[in-house]
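Student: Just coords21.txt, nothing more (compact mmCIF, C-alpha atoms):
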```txt
# COMPACT_ATOMS: atom_id res chain seq x y z
CA MET B 1422 0.00 0.00 0.00
CA SER B 1423 0.94 3.63 -0.33
CA PHE B 1424 -0.87 6.85 0.50
CA ARG B 1425 -0.71 10.53 1.30
CA LEU B 1426 -3.53 11.55 3.59
CA PRO B 1427 -4.10 14.64 5.76
CA GLY B 1428 -1.54 14.43 8.57
CA ALA B 1429 -0.13 11.05 7.50
CA ASP B 1430 2.13 9.70 4.76
CA THR B 1431 3.01 6.40 6.47
CA PRO B 1432 1.02 3.61 8.18
CA GLU B 1433 2.64 4.56 11.48
CA GLU B 1434 1.54 8.20 11.21
CA PHE B 1435 -1.94 7.21 10.06
CA TRP B 1436 -2.38 4.73 12.89
CA ARG B 1437 -1.33 7.37 15.41
CA THR B 1438 -4.06 9.65 14.06
CA ILE B 1439 -6.64 6.85 14.21
CA HIS B 1440 -5.59 5.44 17.59
CA ASP B 1441 -5.58 8.85 19.25
CA GLY B 1442 -8.89 9.94 17.71
CA ALA B 1443 -7.05 12.96 16.31
CA ASP B 1444 -8.69 15.51 14.05
CA ARG B 1445 -6.42 16.42 11.11
CA ILE B 1446 -8.87 18.76 9.41
CA ARG B 1447 -7.35 22.24 9.16
CA ARG B 1448 -9.32 25.33 10.21
CA PHE B 1449 -7.74 28.15 8.27
CA THR B 1450 -6.89 31.53 9.75
CA GLU B 1451 -7.95 34.75 8.07
CA ALA B 1452 -4.33 35.34 7.13
CA GLU B 1453 -4.13 31.94 5.38
CA LEU B 1454 -7.37 32.55 3.52
CA ALA B 1455 -6.29 36.02 2.45
CA ALA B 1456 -2.93 34.69 1.23
CA ALA B 1457 -4.78 32.03 -0.79
CA GLY B 1458 -6.76 34.73 -2.57
CA VAL B 1459 -10.11 34.31 -0.83
CA PRO B 1460 -11.85 37.73 -0.84
CA GLU B 1461 -12.11 39.39 2.56
CA GLU B 1462 -15.86 39.95 2.27
CA GLN B 1463 -16.22 36.22 1.67
CA TYR B 1464 -14.13 34.77 4.50
CA ARG B 1465 -15.46 37.28 7.02
CA ALA B 1466 -19.09 36.48 6.22
CA ASP B 1467 -21.01 34.86 9.09
CA ASP B 1468 -21.86 31.79 7.02
CA PHE B 1469 -18.32 31.16 5.72
CA VAL B 1470 -16.50 28.03 6.92
CA GLY B 1471 -12.78 27.76 6.21
CA ALA B 1472 -11.90 24.11 6.85
CA SER B 1473 -10.48 21.16 4.90
CA GLY B 1474 -8.13 18.21 5.13
CA VAL B 1475 -4.94 19.16 3.27
CA LEU B 1476 -1.69 17.63 2.01
CA GLU B 1477 1.74 19.20 2.30
CA GLY B 1478 4.30 19.48 -0.50
CA ILE B 1479 2.05 18.81 -3.46
CA ALA B 1480 4.17 20.84 -5.87
CA GLY B 1481 7.19 18.51 -5.80
CA PHE B 1482 7.46 15.98 -8.64
CA ASP B 1483 10.47 14.17 -10.16
CA ALA B 1484 9.45 14.28 -13.80
CA SER B 1485 12.65 12.73 -15.17
CA PHE B 1486 12.25 9.69 -12.88
CA PHE B 1487 9.05 8.86 -14.75
CA GLY B 1488 10.46 9.75 -18.16
CA MET B 1489 8.40 12.93 -18.43
CA SER B 1490 9.61 16.26 -19.76
CA ALA B 1491 9.33 19.39 -17.65
CA HIS B 1492 6.69 20.70 -20.06
CA GLU B 1493 4.56 17.54 -19.78
CA ALA B 1494 4.76 17.68 -15.99
CA ARG B 1495 3.80 21.37 -16.01
CA ILE B 1496 0.58 20.79 -17.97
CA THR B 1497 -0.37 17.64 -16.03
CA ASP B 1498 -2.99 17.82 -13.28
CA PRO B 1499 -1.34 17.42 -9.84
CA GLN B 1500 -3.87 14.65 -9.22
CA HIS B 1501 -2.31 12.64 -12.06
CA ARG B 1502 1.21 13.32 -10.80
CA LEU B 1503 0.45 12.28 -7.22
CA PHE B 1504 -1.35 9.18 -8.47
CA LEU B 1505 1.63 8.15 -10.58
CA GLU B 1506 3.96 8.51 -7.60
CA CYS B 1507 1.56 6.66 -5.30
CA VAL B 1508 1.12 3.69 -7.64
CA HIS B 1509 4.89 3.36 -8.03
CA HIS B 1510 5.37 3.53 -4.25
CA ALA B 1511 2.63 0.94 -3.68
CA LEU B 1512 4.25 -1.48 -6.14
CA GLU B 1513 7.63 -0.73 -4.56
CA ASN B 1514 6.17 -1.45 -1.11
CA ALA B 1515 4.83 -4.75 -2.45
CA GLY B 1516 8.17 -5.64 -4.08
CA TYR B 1517 6.92 -5.37 -7.66
CA ALA B 1518 8.17 -1.99 -8.85
CA GLY B 1519 10.54 -1.98 -11.79
CA ASP B 1520 12.32 0.81 -13.65
CA PRO B 1521 9.65 3.37 -14.63
CA ASN B 1522 11.62 4.11 -17.81
CA GLY B 1523 11.66 0.47 -18.93
CA ALA B 1524 8.34 -0.56 -20.47
CA GLY B 1525 7.07 -3.90 -19.26
CA SER B 1526 9.63 -4.02 -16.45
CA ALA B 1527 7.28 -4.04 -13.47
CA GLY B 1528 7.68 -7.12 -11.33
CA HIS B 1529 11.46 -7.50 -11.31
CA SER B 1530 12.38 -5.46 -8.25
CA SER B 1531 12.25 -8.03 -5.43
CA HIS B 1532 10.85 -11.17 -7.08
CA SER B 1533 12.65 -13.48 -9.46
CA GLY B 1534 11.03 -15.06 -12.50
CA PRO B 1535 9.08 -13.55 -15.40
CA ALA B 1536 7.47 -10.14 -15.23
CA HIS B 1537 3.98 -10.03 -13.77
CA GLU B 1538 1.04 -8.67 -15.72
CA ILE B 1539 -0.15 -5.78 -13.58
CA GLY B 1540 -3.45 -3.95 -13.98
CA VAL B 1541 -4.39 -0.53 -12.65
CA TYR B 1542 -7.83 0.73 -11.64
CA ALA B 1543 -7.92 4.48 -10.99
CA SER B 1544 -10.38 7.03 -9.66
CA THR B 1545 -9.80 10.77 -10.02
CA GLY B 1546 -11.46 13.59 -8.08
CA TYR B 1547 -13.33 16.54 -9.48
CA HIS B 1548 -12.19 20.16 -9.36
CA LEU B 1549 -14.18 22.29 -6.97
CA TYR B 1550 -14.52 24.89 -9.66
CA SER B 1551 -14.95 24.09 -13.33
CA LEU B 1552 -12.16 22.32 -15.19
CA GLN B 1553 -12.20 25.04 -17.83
CA THR B 1554 -11.55 27.71 -15.19
CA TYR B 1555 -8.82 25.55 -13.61
CA LEU B 1556 -7.07 25.14 -16.95
CA GLN B 1557 -7.32 28.82 -17.83
CA ASN B 1558 -5.96 29.97 -14.47
CA ASN B 1559 -3.30 27.33 -13.83
CA VAL B 1560 -2.28 25.66 -17.09
CA LEU B 1561 -3.34 27.79 -20.03
CA PRO B 1562 -3.28 31.48 -19.02
CA HIS B 1563 -2.36 32.42 -22.62
CA GLY B 1564 -4.66 29.96 -24.38
CA VAL B 1565 -3.95 26.85 -26.47
CA ALA B 1566 -1.32 27.24 -29.18
CA ASP B 1567 -2.70 24.57 -31.55
CA TRP B 1568 -4.66 21.31 -31.71
CA VAL B 1569 -1.70 19.17 -30.67
CA ALA B 1570 -1.03 21.35 -27.62
CA GLY B 1571 -4.70 21.14 -26.72
CA LEU B 1572 -4.62 17.34 -26.92
CA GLN B 1573 -1.59 17.24 -24.62
CA VAL B 1574 -3.46 19.32 -22.05
CA THR B 1575 -6.53 17.10 -22.36
CA VAL B 1576 -4.50 13.95 -21.72
CA GLY B 1577 -2.83 15.60 -18.76
CA ASN B 1578 -6.00 16.80 -17.05
CA PHE B 1579 -9.01 14.61 -17.76
CA THR B 1580 -10.07 11.66 -15.62
CA ASP B 1581 -10.13 9.35 -18.65
CA PHE B 1582 -6.34 9.12 -18.72
CA THR B 1583 -5.21 8.66 -15.09
CA ALA B 1584 -4.95 4.85 -15.20
CA ASN B 1585 -3.58 4.81 -18.74
CA ARG B 1586 -0.79 7.28 -17.88
CA ALA B 1587 0.25 5.12 -14.92
CA ALA B 1588 0.24 2.00 -17.11
CA TYR B 1589 2.34 3.75 -19.76
CA ARG B 1590 4.86 5.38 -17.43
CA LEU B 1591 5.27 2.29 -15.20
CA GLY B 1592 5.12 -0.37 -17.91
CA LEU B 1593 1.97 -2.06 -16.61
CA THR B 1594 0.43 -4.41 -19.21
CA GLY B 1595 -2.77 -5.52 -17.46
CA PRO B 1596 -6.13 -3.71 -17.72
CA ALA B 1597 -5.98 0.06 -17.25
CA VAL B 1598 -9.44 1.17 -16.19
CA ASN B 1599 -10.70 4.54 -14.95
CA VAL B 1600 -13.53 4.16 -12.43
CA GLN B 1601 -15.85 7.09 -11.67
CA THR B 1602 -18.81 6.47 -9.35
CA ALA B 1603 -18.53 9.62 -7.18
CA CYS B 1604 -17.88 8.92 -3.47
CA SER B 1605 -17.90 5.16 -4.00
CA SER B 1606 -15.29 5.29 -6.79
CA SER B 1607 -12.25 3.89 -5.03
CA LEU B 1608 -14.06 0.97 -3.37
CA THR B 1609 -15.70 0.19 -6.71
CA ALA B 1610 -12.18 0.22 -8.19
CA VAL B 1611 -11.08 -2.24 -5.48
CA ALA B 1612 -14.02 -4.54 -6.32
CA LEU B 1613 -13.23 -4.44 -10.04
CA ALA B 1614 -9.52 -4.99 -9.39
CA ALA B 1615 -10.32 -7.94 -7.12
CA GLN B 1616 -12.52 -9.47 -9.83
CA SER B 1617 -9.76 -8.97 -12.38
CA VAL B 1618 -7.24 -10.79 -10.22
CA ALA B 1619 -9.67 -13.54 -9.21
CA HIS B 1620 -10.63 -14.19 -12.86
CA GLY B 1621 -7.02 -14.21 -14.08
CA GLU B 1622 -7.19 -11.05 -16.19
CA CYS B 1623 -3.95 -9.97 -14.53
CA ASP B 1624 -1.53 -11.39 -11.95
CA ILE B 1625 -1.55 -8.26 -9.78
CA ALA B 1626 -3.86 -5.25 -9.71
CA VAL B 1627 -3.37 -1.80 -8.22
CA ALA B 1628 -6.52 0.00 -7.09
CA GLY B 1629 -5.97 3.68 -6.39
CA ALA B 1630 -7.60 7.06 -6.13
CA THR B 1631 -6.47 10.66 -6.21
CA ALA B 1632 -8.44 13.65 -4.99
CA LEU B 1633 -6.57 16.93 -4.83
CA HIS B 1634 -8.50 20.19 -4.92
CA VAL B 1635 -6.33 23.18 -5.81
CA PRO B 1636 -6.11 25.59 -4.09
CA GLN B 1637 -6.22 23.60 -0.88
CA VAL B 1638 -6.69 26.58 1.41
CA LEU B 1639 -10.32 27.38 0.78
CA GLY B 1640 -13.72 27.29 2.37
CA TYR B 1641 -17.40 27.29 1.60
CA GLN B 1642 -20.55 29.25 2.25
CA TYR B 1643 -22.75 27.25 4.59
CA VAL B 1644 -26.27 26.76 3.25
CA LYS B 1645 -28.99 25.41 5.51
CA GLY B 1646 -30.07 21.96 4.40
CA SER B 1647 -26.85 21.23 2.49
CA ILE B 1648 -24.46 18.38 3.29
CA LEU B 1649 -21.70 20.77 4.43
CA SER B 1650 -20.96 21.34 8.12
CA LYS B 1651 -21.81 24.68 9.67
CA SER B 1652 -19.32 24.14 12.51
CA GLY B 1653 -16.44 22.88 10.37
CA TYR B 1654 -16.30 19.66 12.44
CA LEU B 1655 -17.22 16.26 11.05
CA ARG B 1656 -19.07 14.11 13.64
CA PRO B 1657 -20.31 10.80 12.16
CA PHE B 1658 -23.27 9.20 14.00
CA ASP B 1659 -23.21 11.94 16.61
CA ALA B 1660 -26.29 13.72 17.96
CA ASP B 1661 -24.52 17.01 17.20
CA ALA B 1662 -23.53 16.08 13.64
CA ASP B 1663 -24.22 19.00 11.30
CA GLY B 1664 -22.62 17.97 8.02
CA THR B 1665 -19.44 16.94 6.27
CA VAL B 1666 -16.08 18.66 5.62
CA GLY B 1667 -13.99 18.01 2.52
CA GLY B 1668 -10.38 17.01 2.18
CA THR B 1669 -7.67 15.81 -0.19
CA GLY B 1670 -5.74 12.57 -0.44
CA VAL B 1671 -4.23 9.91 -2.66
CA ALA B 1672 -3.94 6.18 -1.96
CA ALA B 1673 -3.26 2.86 -3.66
CA VAL B 1674 -3.36 -0.80 -2.64
CA VAL B 1675 -1.84 -3.80 -4.41
CA LEU B 1676 -4.06 -6.87 -4.82
CA LYS B 1677 -3.07 -10.44 -5.59
CA ARG B 1678 -4.73 -13.83 -5.31
CA LEU B 1679 -4.16 -15.19 -1.81
CA ASP B 1680 -2.76 -18.56 -2.93
CA ARG B 1681 -0.20 -16.85 -5.16
CA ALA B 1682 0.72 -14.29 -2.51
CA LEU B 1683 1.36 -17.09 -0.02
CA ALA B 1684 3.38 -19.08 -2.54
CA ASP B 1685 5.50 -16.02 -3.41
CA GLY B 1686 6.14 -15.10 0.24
CA ASP B 1687 4.48 -11.70 -0.06
CA HIS B 1688 3.69 -9.58 2.99
CA ILE B 1689 -0.11 -9.70 3.30
CA HIS B 1690 -1.83 -6.76 5.00
CA GLY B 1691 -5.28 -8.32 4.81
CA VAL B 1692 -7.59 -10.59 2.85
CA ILE B 1693 -10.62 -9.32 0.94
CA ARG B 1694 -13.09 -12.18 1.29
CA GLY B 1695 -16.06 -10.62 -0.42
CA TRP B 1696 -17.52 -7.49 -1.96
CA GLY B 1697 -20.90 -6.23 -3.06
CA VAL B 1698 -21.78 -3.63 -5.69
CA ASN B 1699 -25.28 -2.45 -6.58
CA ASN B 1700 -27.36 0.68 -7.14
CA ASP B 1701 -30.46 2.16 -5.56
CA GLY B 1702 -32.19 2.67 -8.90
CA ALA B 1703 -35.29 4.81 -8.39
CA ASP B 1704 -35.87 3.57 -4.83
CA LYS B 1705 -34.86 6.77 -3.05
CA ARG B 1706 -36.27 10.21 -2.36
CA ALA B 1707 -33.93 12.08 -4.73
CA PHE B 1708 -31.05 11.40 -7.12
CA SER B 1709 -28.36 12.40 -4.59
CA ALA B 1710 -30.06 10.75 -1.59
CA PRO B 1711 -28.94 7.37 -0.22
CA SER B 1712 -31.23 4.38 0.19
CA ALA B 1713 -31.24 2.09 3.23
CA ASP B 1714 -32.41 -0.87 1.17
CA GLY B 1715 -29.69 -0.37 -1.42
CA GLN B 1716 -27.01 -0.25 1.26
CA ARG B 1717 -28.50 -3.32 2.93
CA GLY B 1718 -28.30 -5.17 -0.38
CA ALA B 1719 -24.64 -4.25 -0.96
CA ILE B 1720 -23.64 -5.40 2.54
CA ARG B 1721 -25.58 -8.67 2.18
CA ARG B 1722 -23.85 -9.38 -1.12
CA ALA B 1723 -20.44 -8.84 0.46
CA LEU B 1724 -21.23 -11.03 3.49
CA GLU B 1725 -22.68 -13.82 1.39
CA ARG B 1726 -19.82 -13.79 -1.11
CA ALA B 1727 -17.39 -13.92 1.80
CA GLY B 1728 -19.29 -16.67 3.59
CA VAL B 1729 -19.28 -14.60 6.77
CA ASP B 1730 -22.01 -14.45 9.43
CA ALA B 1731 -22.67 -10.83 10.40
CA GLY B 1732 -22.81 -11.96 14.03
CA THR B 1733 -19.04 -12.51 13.89
CA VAL B 1734 -18.19 -9.00 12.65
CA GLY B 1735 -16.80 -6.86 15.46
CA TYR B 1736 -16.02 -3.68 13.56
CA LEU B 1737 -17.77 -1.92 10.68
CA GLU B 1738 -16.00 0.96 8.94
CA THR B 1739 -18.72 3.10 7.39
CA HIS B 1740 -19.16 5.88 4.87
CA GLY B 1741 -20.13 8.06 7.86
CA THR B 1742 -20.28 11.56 6.39
CA GLY B 1743 -21.69 13.19 9.53
CA THR B 1744 -24.80 14.37 7.69
CA PHE B 1745 -28.17 14.61 9.37
CA LYS B 1746 -29.94 12.44 6.77
CA GLY B 1747 -27.15 10.22 5.44
CA ASP B 1748 -25.87 8.64 8.66
CA PRO B 1749 -29.28 7.42 9.93
CA ILE B 1750 -30.02 5.88 6.51
CA GLU B 1751 -26.64 4.14 6.49
CA PHE B 1752 -27.22 2.89 10.04
CA GLU B 1753 -30.65 1.57 9.07
CA GLY B 1754 -29.24 -0.25 6.03
CA ALA B 1755 -26.39 -1.85 8.00
CA THR B 1756 -28.73 -2.90 10.81
CA ALA B 1757 -31.10 -4.57 8.36
CA ALA B 1758 -28.20 -6.39 6.69
CA PHE B 1759 -26.89 -7.69 10.02
CA ARG B 1760 -30.38 -8.67 11.25
CA ALA B 1761 -30.54 -11.29 8.49
CA ASP B 1762 -27.91 -13.26 10.45
CA THR B 1763 -28.25 -12.27 14.11
CA ASP B 1764 -30.38 -10.59 16.77
CA ARG B 1765 -27.32 -9.67 18.84
CA THR B 1766 -26.93 -6.03 19.83
CA GLY B 1767 -24.08 -3.89 21.10
CA TYR B 1768 -21.32 -6.15 19.77
CA CYS B 1769 -20.18 -4.40 16.55
CA ALA B 1770 -18.39 -1.06 16.74
CA LEU B 1771 -18.88 1.62 14.09
CA GLY B 1772 -16.16 3.84 12.72
CA SER B 1773 -15.60 6.48 10.05
CA VAL B 1774 -12.16 7.79 9.15
CA LYS B 1775 -13.79 10.95 7.78
CA ALA B 1776 -13.95 12.23 11.36
CA ASN B 1777 -10.12 12.23 11.34
CA ILE B 1778 -9.26 13.50 7.88
CA GLY B 1779 -12.43 14.79 6.19
CA HIS B 1780 -14.39 13.51 3.22
CA LEU B 1781 -11.77 12.82 0.55
CA ASP B 1782 -14.09 12.68 -2.45
CA VAL B 1783 -13.22 9.61 -4.59
CA CYS B 1784 -10.39 8.65 -2.22
CA SER B 1785 -12.66 8.28 0.83
CA GLY B 1786 -13.33 4.55 0.40
CA LEU B 1787 -9.65 3.62 0.07
CA ALA B 1788 -8.81 5.67 3.17
CA SER B 1789 -11.46 3.63 5.02
CA LEU B 1790 -10.09 0.34 3.68
CA ILE B 1791 -6.55 1.20 4.77
CA LYS B 1792 -7.82 2.27 8.19
CA THR B 1793 -9.60 -1.09 8.56
CA LEU B 1794 -6.43 -2.97 7.65
CA LEU B 1795 -4.60 -1.08 10.42
CA VAL B 1796 -7.41 -1.83 12.90
CA LEU B 1797 -7.02 -5.54 12.09
CA ARG B 1798 -3.25 -5.36 12.36
CA HIS B 1799 -3.23 -3.64 15.76
CA LYS B 1800 -6.34 -5.44 17.10
CA VAL B 1801 -7.66 -2.21 18.62
CA ILE B 1802 -11.09 -0.59 18.20
CA PRO B 1803 -10.16 3.10 17.86
CA PRO B 1804 -12.21 6.05 19.10
CA MET B 1805 -14.27 8.22 16.75
CA ALA B 1806 -12.74 11.67 16.44
CA ASN B 1807 -15.01 14.51 17.59
CA PHE B 1808 -17.68 12.11 18.89
CA ARG B 1809 -19.58 13.49 21.90
CA ARG B 1810 -22.94 11.74 22.31
CA ARG B 1811 -25.31 9.29 20.72
CA PRO B 1812 -28.50 10.47 19.03
CA GLY B 1813 -31.29 10.66 21.60
CA SER B 1814 -28.95 11.12 24.56
CA ALA B 1815 -28.86 14.18 26.79
CA ALA B 1816 -26.98 17.22 25.59
CA PRO B 1817 -23.44 17.53 27.01
CA ARG B 1818 -22.96 19.96 29.84
CA PRO B 1819 -21.28 23.22 28.85
CA ALA B 1820 -17.59 23.42 29.69
```
Before anything else, please render the file you have as structure tokens.

Tutor:
Amino acid sequence: MSFRLPGADTPEEFWRTIHDGADRIRRFTEAELAAAGVPEEQYRADDFVGASGVLEGIAGFDASFFGMSAHEARITDPQHRLFLECVHHALENAGYAGDPNGAGSAGHSSHSGPAHEIGVYASTGYHLYSLQTYLQNNVLPHGVADWVAGLQVTVGNFTDFTANRAAYRLGLTGPAVNVQTACSSSLTAVALAAQSVAHGECDIAVAGATALHVPQVLGYQYVKGSILSKSGYLRPFDADADGTVGGTGVAAVVLKRLDRALADGDHIHGVIRGWGVNNDGADKRAFSAPSADGQRGAIRRALERAGVDAGTVGYLETHGTGTFKGDPIEFEGATAAFRADTDRTGYCALGSVKANIGHLDVCSGLASLIKTLLVLRHKVIPPMANFRRRPGSAAPRPA
């Protein structure tokens, strides 16, 4: 695995954040917002919230290491650049990274024998303001010189090419698939990558996601009834939850069939025993609303594919956005899925890494998966950051 998440670039740093129930969401000062170009009348408005999970050092990139010219790197979306680095580091961590400048070389770093066919499944975040505005302000302030230059910019900035660029620059010859299903993108990518490995479409698959909103120091106008938090604090399943807070991150995991991983002596962080993918269809109040029955169905599919009784599950990492409507619907769906196997209560803990690092757009699911792997490794149920009281309980006494 490899990742860059708010406040953590290593498993040790990330586990410290999780174990301590730490909140890594930044609340920006007026000076930071002013320096980032946010108008004074905007950040001093009563309904403005300046908060987000951020990454440090996003400008650095070793273009020559990946065989890219300085010009190509300059017109390439930072999301693509961070993803390329993260996939290489994940393969390196797994012992399967070759020379990025040697096509088809992946798989020779730490393992003998023929090169492995490696696939890549990628999800890329959206820009908080339109892509056209982003390109005009950051990449093309003087316009496009000609059709060829325009094509280069397109390849460097559109979500269609994230996986393909990684495959090209790292010499990966398995499927290169871009997966875009909004907040569920990265876990959908994991499911597709797992299927690809299980069905023999590739020997190894990398599932990754990149969500980097530039500029990072920004905020939003709170609107009553929206999904965004008025307080700037993300409190999943809390009586005082008032919405979600965004963030940025990039992550990748390397998947391989268990029998082959054992035979090759690989270090195994965890085993994915099952997965479930579905859609609510029209069975929900609105297009952007969740459905308890749809979530129940996805969980049941995963449990049944895995051959696992829900009564044996002691920890459930959730989507947990801290929204007034979303969390209760998710809780209802999970409860219904578990009730098909057991009537036990009070035995399965809930968690949501969003409380620690914010809602990372398409990267949120992978952040949750990596957190769960660390929970399994350390055998500790961590606290929920910012959690104060259950819904229906008495209000906390003022300090």

Student: Identify, on the basis of only C-alpha atoms, every residue whose closest approach to stretch 1780-1796 of chain B does not exceed 6 Å; exclude the query and any residue fewer than 2 positions from it along the same chain; express the result as a list in words.

Tutor: Gly1546, Ala1603, Cys1604, Ser1606, Ser1607, Leu1608, Ala1630, Thr1631, Val1666, Gly1667, Gly1668, Thr1669, Val1774, Lys1775, Arg1798, His1799, Lys1800 and Val1801 of chain B

Student: Do a neighbour search on B:Ala1672 at 6 Å with only C-alpha atoms, toss out local chain neighbours closer than 5 positions, and write the hits as a PyMOL selection string.

Tutor: chain B and resi 1423-1424+1629-1630

Student: Counting all atoms listed in the file, figure out which residue out of B:Arg1465, B:Arg1694, B:Arg1760, B:His1509 gets nearest to B:Ile1539.

Tutor: B:His1509

Student: Using all atoms listed in the file, pick whichever of B:Glu1451, B:Asp1444, B:Glu1513, B:Asp1483 has the shortest atom-to-atom distance to B:Met1422.

Tutor: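 Checking each of B:Glu1451, B:Asp1444, B:Glu1513, B:Asp1483 against B:Met1422, counting all atoms listed in the file, the winner is B:Glu1513.
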
Student: I need the residue nearest B:Ser1605 from this list: B:Gly1471, B:Gly1697, B:Gly1732, B:Gly1646. Use all atoms listed in the file for the distance.

Tutor: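 When distances to B:Ser1605 are compared using all atoms listed in the file, the smallest one comes from B:Gly1697.
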
Student: So what do you get for atom CA of B:Ala1511 versus atom CA of B:Ile1625, distance-wise?

Tutor: 11.8 Å

Student: As an exercise, work out the distance from atom CA of B:Ala1615 to atom CA of B:Thr1602 in Å and give it to one decimal place.

Tutor: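 That distance, rounded to one decimal, is 16.9 Å.
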
Student: I want to know what sits within 9 Å of stretch 1452-1464 of chain B, based on only C-alpha atoms, with residues of the same chain fewer than 3 positions away left out; could you give that as a VMD selection string?

Tutor: chain B and resid 1449 1467 to 1471 1636 to 1642

Student: Just want the 10 Å neighbourhood of B:Ala1584, counted on only C-alpha atoms, with same-chain residues fewer than 2 positions away dropped. Output as a PyMOL selection string.

Tutor: chain B and resi 1501+1504-1505+1508+1540-1545+1580-1582+1586-1589+1593+1596-1600+1627-1630

Student: Figure out the distance between atom CA of B:Thr1594 and atom CA of B:Ser1490, please, to one decimal in Å.

Tutor: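 Rounded to one decimal, the two atoms are 22.6 Å apart.
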
Student: Closest to B:Thr1450 among B:Ala1518, B:Ala1472, B:Leu1613, B:Ala1660, using all atoms listed in the file?

Tutor: B:Ala1472

Student: Just the residues within 8 Å of stretch 1804-1808 of chain B, please, counting all atoms listed in the file, with nothing from its chain fewer than 2 positions along; format it as a ChimeraX atom specification.

Tutor: /B:1439-1444,1654-1659,1772-1774,1776-1777,1802,1810
